[in-house]
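Dropping my_file_35.csv in here (CSV, C-alpha atoms):
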chain,number,residue,atom,x,y,z
A,1,GLN,CA,-9.2,-4.9,17.0
A,2,LYS,CA,-7.7,-4.1,13.6
A,3,GLU,CA,-8.2,-6.5,10.8
A,4,VAL,CA,-4.4,-6.7,10.2
A,5,GLU,CA,-2.1,-6.4,13.2
A,6,GLN,CA,1.6,-5.7,13.1
A,7,ASN,CA,4.1,-4.7,15.8
A,8,SER,CA,5.2,-1.2,14.9
A,9,GLY,CA,8.7,-1.8,16.1
A,10,PRO,CA,11.4,-0.8,15.6
A,11,LEU,CA,12.8,-4.2,15.2
A,12,SER,CA,16.5,-4.0,15.5
A,13,VAL,CA,18.8,-6.8,14.2
A,14,PRO,CA,22.5,-6.9,13.5
A,15,GLU,CA,23.8,-7.2,10.0
A,16,GLY,CA,23.8,-10.8,8.8
A,17,ALA,CA,21.1,-12.0,11.2
A,18,ILE,CA,17.7,-13.2,10.3
A,19,ALA,CA,14.9,-10.7,10.7
A,20,SER,CA,11.5,-12.1,11.5
A,21,LEU,CA,8.5,-9.9,10.8
A,22,ASN,CA,5.0,-11.0,12.0
A,23,CYS,CA,1.5,-10.3,11.1
A,24,THR,CA,-1.9,-11.5,12.3
A,25,TYR,CA,-5.3,-11.1,10.7
A,26,SER,CA,-8.8,-11.4,12.0
A,27,ASP,CA,-10.9,-12.5,9.0
A,28,ARG,CA,-10.7,-16.3,8.5
A,29,GLY,CA,-12.0,-15.8,5.0
A,30,SER,CA,-8.8,-14.1,4.0
A,31,GLN,CA,-7.3,-15.7,0.9
A,32,SER,CA,-4.1,-14.1,-0.1
A,33,PHE,CA,-1.3,-12.2,1.8
A,34,PHE,CA,1.2,-9.7,0.6
A,35,TRP,CA,4.4,-8.2,2.0
A,36,TYR,CA,5.4,-4.7,0.9
A,37,ARG,CA,8.6,-2.8,1.7
A,38,GLN,CA,8.5,1.0,2.1
A,39,TYR,CA,11.6,3.1,2.5
A,40,SER,CA,11.3,6.4,4.2
A,41,GLY,CA,9.7,8.9,1.9
A,42,LYS,CA,9.1,6.4,-0.8
A,43,SER,CA,6.1,4.4,-2.0
A,44,PRO,CA,5.5,0.7,-1.0
A,45,GLU,CA,6.9,-1.9,-3.3
A,46,LEU,CA,5.7,-5.5,-3.4
A,47,ILE,CA,8.2,-8.1,-2.1
A,48,MET,CA,6.1,-11.3,-2.0
A,49,PHE,CA,2.7,-12.8,-1.8
A,50,ILE,CA,1.5,-16.1,-0.5
A,51,TYR,CA,-1.9,-17.9,-0.5
A,52,SER,CA,-1.1,-21.5,0.5
A,53,ASN,CA,-0.2,-22.7,3.9
A,54,GLY,CA,3.5,-23.2,4.4
A,55,ASP,CA,6.6,-21.5,3.2
A,56,LYS,CA,7.4,-19.6,0.0
A,57,GLU,CA,11.0,-18.6,-0.7
A,58,ASP,CA,12.4,-15.9,-3.0
A,59,GLY,CA,16.0,-15.2,-2.6
A,60,ARG,CA,16.7,-14.0,0.9
A,61,PHE,CA,13.0,-13.6,1.7
A,62,THR,CA,10.7,-16.4,3.0
A,63,ALA,CA,7.0,-15.8,3.6
A,64,GLN,CA,5.3,-18.2,6.0
A,65,LEU,CA,1.5,-18.7,6.2
A,66,ASN,CA,-0.5,-20.5,8.9
A,67,LYS,CA,-4.2,-20.1,8.2
A,68,ALA,CA,-5.3,-22.0,11.2
A,69,SER,CA,-3.5,-19.6,13.4
A,70,GLN,CA,-4.3,-16.6,11.2
A,71,TYR,CA,-0.6,-15.7,11.1
A,72,VAL,CA,1.7,-14.7,8.3
A,73,SER,CA,5.4,-13.9,8.6
A,74,LEU,CA,8.3,-12.7,6.6
A,75,LEU,CA,11.8,-13.9,7.2
A,76,ILE,CA,14.8,-11.9,5.8
A,77,ARG,CA,18.0,-13.9,5.9
A,78,ASP,CA,21.5,-12.3,5.9
A,79,SER,CA,19.9,-8.9,6.8
A,80,GLN,CA,21.7,-5.9,5.2
A,81,PRO,CA,21.5,-2.3,6.2
A,82,SER,CA,19.7,-1.7,2.9
A,83,ASP,CA,16.9,-3.8,4.2
A,84,SER,CA,16.1,-1.1,6.8
A,85,ALA,CA,12.6,0.0,6.0
A,86,THR,CA,9.0,-0.3,7.1
A,87,TYR,CA,7.4,-3.7,6.1
A,88,LEU,CA,3.7,-3.7,5.4
A,89,CYS,CA,1.5,-6.8,5.6
A,90,ALA,CA,-1.6,-6.8,3.5
A,91,VAL,CA,-4.5,-9.2,3.3
A,92,ARG,CA,-7.1,-9.8,0.6
A,93,ARG,CA,-10.4,-11.2,1.7
A,94,TYR,CA,-12.2,-14.0,-0.1
A,95,GLY,CA,-15.1,-13.3,-2.5
A,96,GLY,CA,-17.2,-10.5,-3.6
A,97,ALA,CA,-16.4,-7.8,-6.1
A,98,THR,CA,-13.9,-6.1,-3.9
A,99,ASN,CA,-10.3,-6.5,-4.7
A,100,LYS,CA,-9.1,-4.3,-1.9
A,101,LEU,CA,-6.1,-5.1,0.2
A,102,ILE,CA,-6.3,-4.4,3.9
A,103,PHE,CA,-2.9,-3.1,5.1
A,104,GLY,CA,-1.4,-3.3,8.5
A,105,THR,CA,0.3,-0.3,10.1
A,106,GLY,CA,3.8,-1.7,9.3
A,107,THR,CA,6.8,-2.8,11.2
A,108,LEU,CA,10.0,-0.6,11.1
A,109,LEU,CA,13.1,-2.8,10.6
A,110,ALA,CA,16.5,-1.4,11.5
A,111,VAL,CA,19.5,-3.4,10.5
A,112,GLN,CA,22.6,-2.4,12.4
A,113,PRO,CA,26.0,-2.5,10.6
B,1,GLU,CA,10.0,-0.4,-13.2
B,2,ALA,CA,6.4,0.5,-12.3
B,3,ASP,CA,4.2,1.8,-15.1
B,4,ILE,CA,2.1,4.0,-12.9
B,5,TYR,CA,2.8,7.7,-12.9
B,6,GLN,CA,1.9,10.5,-10.5
B,7,THR,CA,2.3,14.2,-11.1
B,8,PRO,CA,3.4,16.5,-9.7
B,9,ARG,CA,6.0,14.8,-7.4
B,10,TYR,CA,5.9,17.7,-5.0
B,11,LEU,CA,3.4,20.6,-4.7
B,12,VAL,CA,3.3,23.6,-2.5
B,13,ILE,CA,0.2,25.6,-2.8
B,14,GLY,CA,-1.8,28.3,-1.0
B,15,THR,CA,-4.9,27.8,1.1
B,16,GLY,CA,-8.1,27.9,-0.9
B,17,LYS,CA,-6.6,26.9,-4.3
B,18,LYS,CA,-8.1,24.1,-6.4
B,19,ILE,CA,-5.7,21.3,-7.2
B,20,THR,CA,-5.7,18.1,-9.2
B,21,LEU,CA,-3.3,15.3,-8.6
B,22,GLU,CA,-2.7,13.2,-11.6
B,23,CYS,CA,-2.4,9.4,-11.7
B,24,SER,CA,-2.0,7.3,-14.9
B,25,GLN,CA,-1.1,3.7,-15.5
B,26,THR,CA,-0.2,1.9,-18.7
B,27,MET,CA,-0.7,-1.6,-17.4
B,28,GLY,CA,-4.4,-1.9,-18.3
B,29,HIS,CA,-5.4,-2.4,-14.7
B,30,ASP,CA,-9.1,-2.0,-14.1
B,31,LYS,CA,-8.8,-1.2,-10.4
B,32,MET,CA,-7.2,1.9,-9.0
B,33,TYR,CA,-6.8,3.4,-5.6
B,34,TRP,CA,-5.9,6.6,-3.8
B,35,TYR,CA,-4.2,6.5,-0.4
B,36,GLN,CA,-3.2,9.2,2.0
B,37,GLN,CA,-0.1,8.7,4.2
B,38,ASP,CA,1.5,11.1,6.7
B,39,PRO,CA,5.2,10.6,7.4
B,40,GLY,CA,5.8,7.4,9.5
B,41,MET,CA,2.1,6.7,9.6
B,42,GLU,CA,-0.2,4.1,8.1
B,43,LEU,CA,-1.8,4.1,4.7
B,44,HIS,CA,-5.4,5.4,4.6
B,45,LEU,CA,-7.6,4.5,1.6
B,46,ILE,CA,-9.5,7.6,0.5
B,47,HIS,CA,-11.0,6.6,-2.9
B,48,TYR,CA,-11.1,3.6,-5.2
B,49,SER,CA,-12.4,2.6,-8.6
B,50,TYR,CA,-13.2,-0.8,-10.1
B,51,GLY,CA,-13.5,0.5,-13.6
B,52,VAL,CA,-14.6,3.3,-15.9
B,53,ASN,CA,-17.3,5.4,-14.3
B,54,SER,CA,-17.0,3.5,-11.0
B,55,THR,CA,-15.7,5.4,-8.0
B,56,GLU,CA,-16.2,4.7,-4.3
B,57,LYS,CA,-15.1,6.5,-1.1
B,58,GLY,CA,-12.6,4.7,1.0
B,59,ASP,CA,-12.2,4.1,4.7
B,60,LEU,CA,-10.9,7.6,5.5
B,61,SER,CA,-13.2,10.6,5.1
B,62,SER,CA,-11.8,12.9,2.6
B,63,GLU,CA,-12.8,16.3,1.1
B,64,SER,CA,-11.3,15.3,-2.2
B,65,THR,CA,-13.1,13.9,-5.3
B,66,VAL,CA,-12.1,11.5,-8.0
B,67,SER,CA,-13.2,10.6,-11.5
B,68,ARG,CA,-12.6,7.6,-13.8
B,69,ILE,CA,-13.4,8.5,-17.3
B,70,ARG,CA,-10.7,6.4,-18.9
B,71,THR,CA,-9.2,3.1,-17.6
B,72,GLU,CA,-5.7,4.5,-17.4
B,73,HIS,CA,-6.5,7.8,-15.7
B,74,PHE,CA,-7.6,8.4,-12.1
B,75,PRO,CA,-7.2,12.0,-11.0
B,76,LEU,CA,-7.9,13.3,-7.5
B,77,THR,CA,-9.2,16.9,-7.0
B,78,LEU,CA,-9.3,19.1,-4.0
B,79,GLU,CA,-11.7,22.1,-4.6
B,80,SER,CA,-10.3,24.2,-1.9
B,81,ALA,CA,-7.0,23.2,-0.3
B,82,ARG,CA,-6.4,23.6,3.4
B,83,PRO,CA,-3.3,23.1,5.6
B,84,SER,CA,-5.0,19.9,7.0
B,85,HIS,CA,-4.7,18.4,3.5
B,86,THR,CA,-0.9,18.5,3.8
B,87,SER,CA,0.2,14.9,3.3
B,88,GLN,CA,1.6,12.3,0.8
B,89,TYR,CA,-0.9,11.0,-1.7
B,90,LEU,CA,-0.2,7.6,-3.2
B,91,CYS,CA,-2.0,6.2,-6.2
B,92,ALA,CA,-2.1,2.4,-6.9
B,93,SER,CA,-3.6,0.0,-9.4
B,94,SER,CA,-4.2,-3.7,-9.7
B,95,LEU,CA,-5.8,-6.5,-11.7
B,96,ALA,CA,-8.5,-8.6,-10.2
B,97,GLY,CA,-7.4,-12.0,-8.8
B,98,LEU,CA,-6.2,-13.3,-5.4
B,99,GLY,CA,-2.6,-13.2,-6.4
B,100,ASN,CA,-2.5,-9.7,-7.8
B,101,GLY,CA,-1.0,-7.1,-5.5
B,102,TYR,CA,-1.1,-3.3,-5.9
B,103,THR,CA,1.5,-1.4,-7.9
B,104,PHE,CA,2.1,2.0,-6.3
B,105,GLY,CA,3.1,5.2,-8.0
B,106,SER,CA,5.9,7.4,-6.6
B,107,GLY,CA,3.4,9.6,-4.8
B,108,THR,CA,2.7,13.3,-4.6
B,109,ARG,CA,3.8,15.2,-1.5
B,110,LEU,CA,1.4,18.0,-1.0
B,111,THR,CA,2.0,21.0,1.3
B,112,VAL,CA,-0.7,23.6,1.7
B,113,VAL,CA,0.5,26.9,3.2

Can the structure in the file be given as structure tokens, please?
Amino acid sequence: QKEVEQNSGPLSVPEGAIASLNCTYSDRGSQSFFWYRQYSGKSPELIMFIYSNGDKEDGRFTAQLNKASQYVSLLIRDSQPSDSATYLCAVRRYGGATNKLIFGTGTLLAVQP
Amino acid sequence: EADIYQTPRYLVIGTGKKITLECSQTMGHDKMYWYQQDPGMELHLIHYSYGVNSTEKGDLSSESTVSRIRTEHFPLTLESARPSHTSQYLCASSLAGLGNGYTFGSGTRLTVV
């Protein structure tokens, strides 16, 4: 079992719909959670991070965290074709000297015009 | 705009050549990372550094080496390039702290012929 699991997709949604991207993690000691967007041939860029249970909103993006279920999600409202990309979930464990993020394999999102 | 720079952006080189991929950041980040990523595939951590004179191998075995003589500079060297080294190499940096994600450079796409 991988530490951070994502469905590889592709997740296809029509333009204007809500895209829901999901991520589960195995280490209960994980403390903070990040969502990155990666366009084809480009490097990942940070969209949001969250470390408290509940929702965090930033524009069209909402990150949701449920530590009891070890589940983090990213909602994209009013999806646009320009949102078509691979979305990477990353998790940082608690404690120690390590600052490493553990990345999932990513979910490919395709927004259909 | 990210303040982490990778050069060259693209490199085509013959088998057996020695190459150095450059990575520099101007953000004062103490932690730096090298990832390898094939097209459409997941990120693989190959090296990381927590500060000057600190380097560690990552999760993916790599024939490359790194050095960290200055905080801002984290070059990656391949002593003898092979076609199996053909990939995209991404450099990233971060500060310590749960809420600090990685900032990625634009990457170097390496092709060994």

If the cut-off is 6 Å, can you tell me the residues of chain B near chain A, counting all atoms listed in the file? I'd like them as a short mmCIF file (atom, residue, chain, number, x, y, z; two decimals) with C-alpha atoms, in the frame of the given file.
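As a result, selection.cif now contains:
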data_model
loop_
_atom_site.label_atom_id
_atom_site.label_comp_id
_atom_site.auth_asym_id
_atom_site.auth_seq_id
_atom_site.Cartn_x
_atom_site.Cartn_y
_atom_site.Cartn_z
CA GLU B 42 -0.20 4.10 8.10
CA LEU B 98 -6.20 -13.30 -5.40
CA SER B 106 5.90 7.40 -6.60
#

Checklist line | Neighbour residues at most 8 Å from (-9.7, 14.2, -1.9) (all atoms listed in the file) as number ranges by chain | finding: B: 46-47, 62-66, 76-78

Checklist line | Point-to-point distance from atom CA of Ala19 of chain A to atom CA of His44 of chain B, Å rounded to tenths | finding: 26.6 Å

Check: Near Phe104 of chain B, counting all atoms listed in the file, which residues have an atom at most 10 Å away, once you skip same-chain residues fewer than 6 positions from it, shown as a PyMOL selection string?
Finding: (chain A and resi 42-46) or (chain B and resi 2-6+25+32-35+90-94)

Checklist line | Who sits within 7 Å of segment 48-56 of chain B, all atoms listed in the file, same chain under 3 positions skipped, as a ChimeraX atom specification | finding: /B:30-34,67-71

Next item on the list: Please indicate the distance in Å from atom CA of Phe74 of chain B to atom CA of Gly58 of chain B, rounded to one decimal place.
Entry: 14.5 Å

Note to self: From the options B:Glu72, B:Glu22, B:Glu79, B:Asp59, which residue's atoms come nearest to Leu45 of chain B, counting all atoms listed in the file?
What the structure shows: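 Distance minimum relative to Leu45 of chain B lands on B:Asp59.
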
Check: What is the distance, in Å and to one decimal place, between atom CA of Thr62 of chain A and atom CA of Leu74 of chain A?
Finding: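 Between atom CA of Thr62 of chain A and atom CA of Leu74 of chain A the gap is 5.7 Å.
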
Edge lengths and centre, in Å to one decimal, as AutoDock Vina command-line options: that's what I need for the box along x, y and z that holds all listed atoms of segment 23-41 of chain A plus 4 Å on each side.
--center_x -0.2 --center_y -3.7 --center_z 6.1 --size_x 31.6 --size_y 33.2 --size_z 20.4

Note to self: Give me the residues near Ala110 of chain A as a list in words, where near means some atom within 12 Å (using all atoms listed in the file) and where sequence neighbours in that chain fewer than 2 positions away do not count.
What the structure shows: Ser8, Gly9, Pro10, Leu11, Ser12, Val13, Pro14, Glu15, Ala17, Ile18, Ala19, Ser20, Leu21, Tyr39, Ser40, Ser79, Gln80, Pro81, Ser82, Asp83, Ser84, Ala85, Thr86, Tyr87, Thr107, Leu108, Gln112 and Pro113 of chain A

Taking C-alpha atoms for each residue, export the selection above as a short mmCIF file (atom, residue, chain, number, x, y, z; two decimals), keeping the file's coordinate frame.
data_model
loop_
_atom_site.label_atom_id
_atom_site.label_comp_id
_atom_site.auth_asym_id
_atom_site.auth_seq_id
_atom_site.Cartn_x
_atom_site.Cartn_y
_atom_site.Cartn_z
CA SER A 8 5.20 -1.20 14.90
CA GLY A 9 8.70 -1.80 16.10
CA PRO A 10 11.40 -0.80 15.60
CA LEU A 11 12.80 -4.20 15.20
CA SER A 12 16.50 -4.00 15.50
CA VAL A 13 18.80 -6.80 14.20
CA PRO A 14 22.50 -6.90 13.50
CA GLU A 15 23.80 -7.20 10.00
CA ALA A 17 21.10 -12.00 11.20
CA ILE A 18 17.70 -13.20 10.30
CA ALA A 19 14.90 -10.70 10.70
CA SER A 20 11.50 -12.10 11.50
CA LEU A 21 8.50 -9.90 10.80
CA TYR A 39 11.60 3.10 2.50
CA SER A 40 11.30 6.40 4.20
CA SER A 79 19.90 -8.90 6.80
CA GLN A 80 21.70 -5.90 5.20
CA PRO A 81 21.50 -2.30 6.20
CA SER A 82 19.70 -1.70 2.90
CA ASP A 83 16.90 -3.80 4.20
CA SER A 84 16.10 -1.10 6.80
CA ALA A 85 12.60 0.00 6.00
CA THR A 86 9.00 -0.30 7.10
CA TYR A 87 7.40 -3.70 6.10
CA THR A 107 6.80 -2.80 11.20
CA LEU A 108 10.00 -0.60 11.10
CA GLN A 112 22.60 -2.40 12.40
CA PRO A 113 26.00 -2.50 10.60
#

Notebook entry, point to check: Can you list, as a PyMOL selection string, every protein, DNA or RNA residue that comes within 9 Å of Asp27 of chain A when you count all atoms listed in the file, leaving out same-chain residues fewer than 5 positions away?
Noted result: chain A and resi 3-4+70+93

Notebook entry, point to check: Using all atoms listed in the file, which of A:Asn22, A:Gly29, A:Ser52, A:Arg37 sits nearest Leu75 of chain A?
Noted result: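 Checking each of A:Asn22, A:Gly29, A:Ser52, A:Arg37 against Leu75 of chain A, counting all atoms listed in the file, the winner is A:Asn22.
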
Check: Any idea what's packed within 9 Å of Ala81 of chain B, counting only C-alpha atoms, ignoring anything in its chain fewer than 3 positions away? Could you give it as a PyMOL selection string?
Finding: chain B and resi 13-19+78+84-86+112
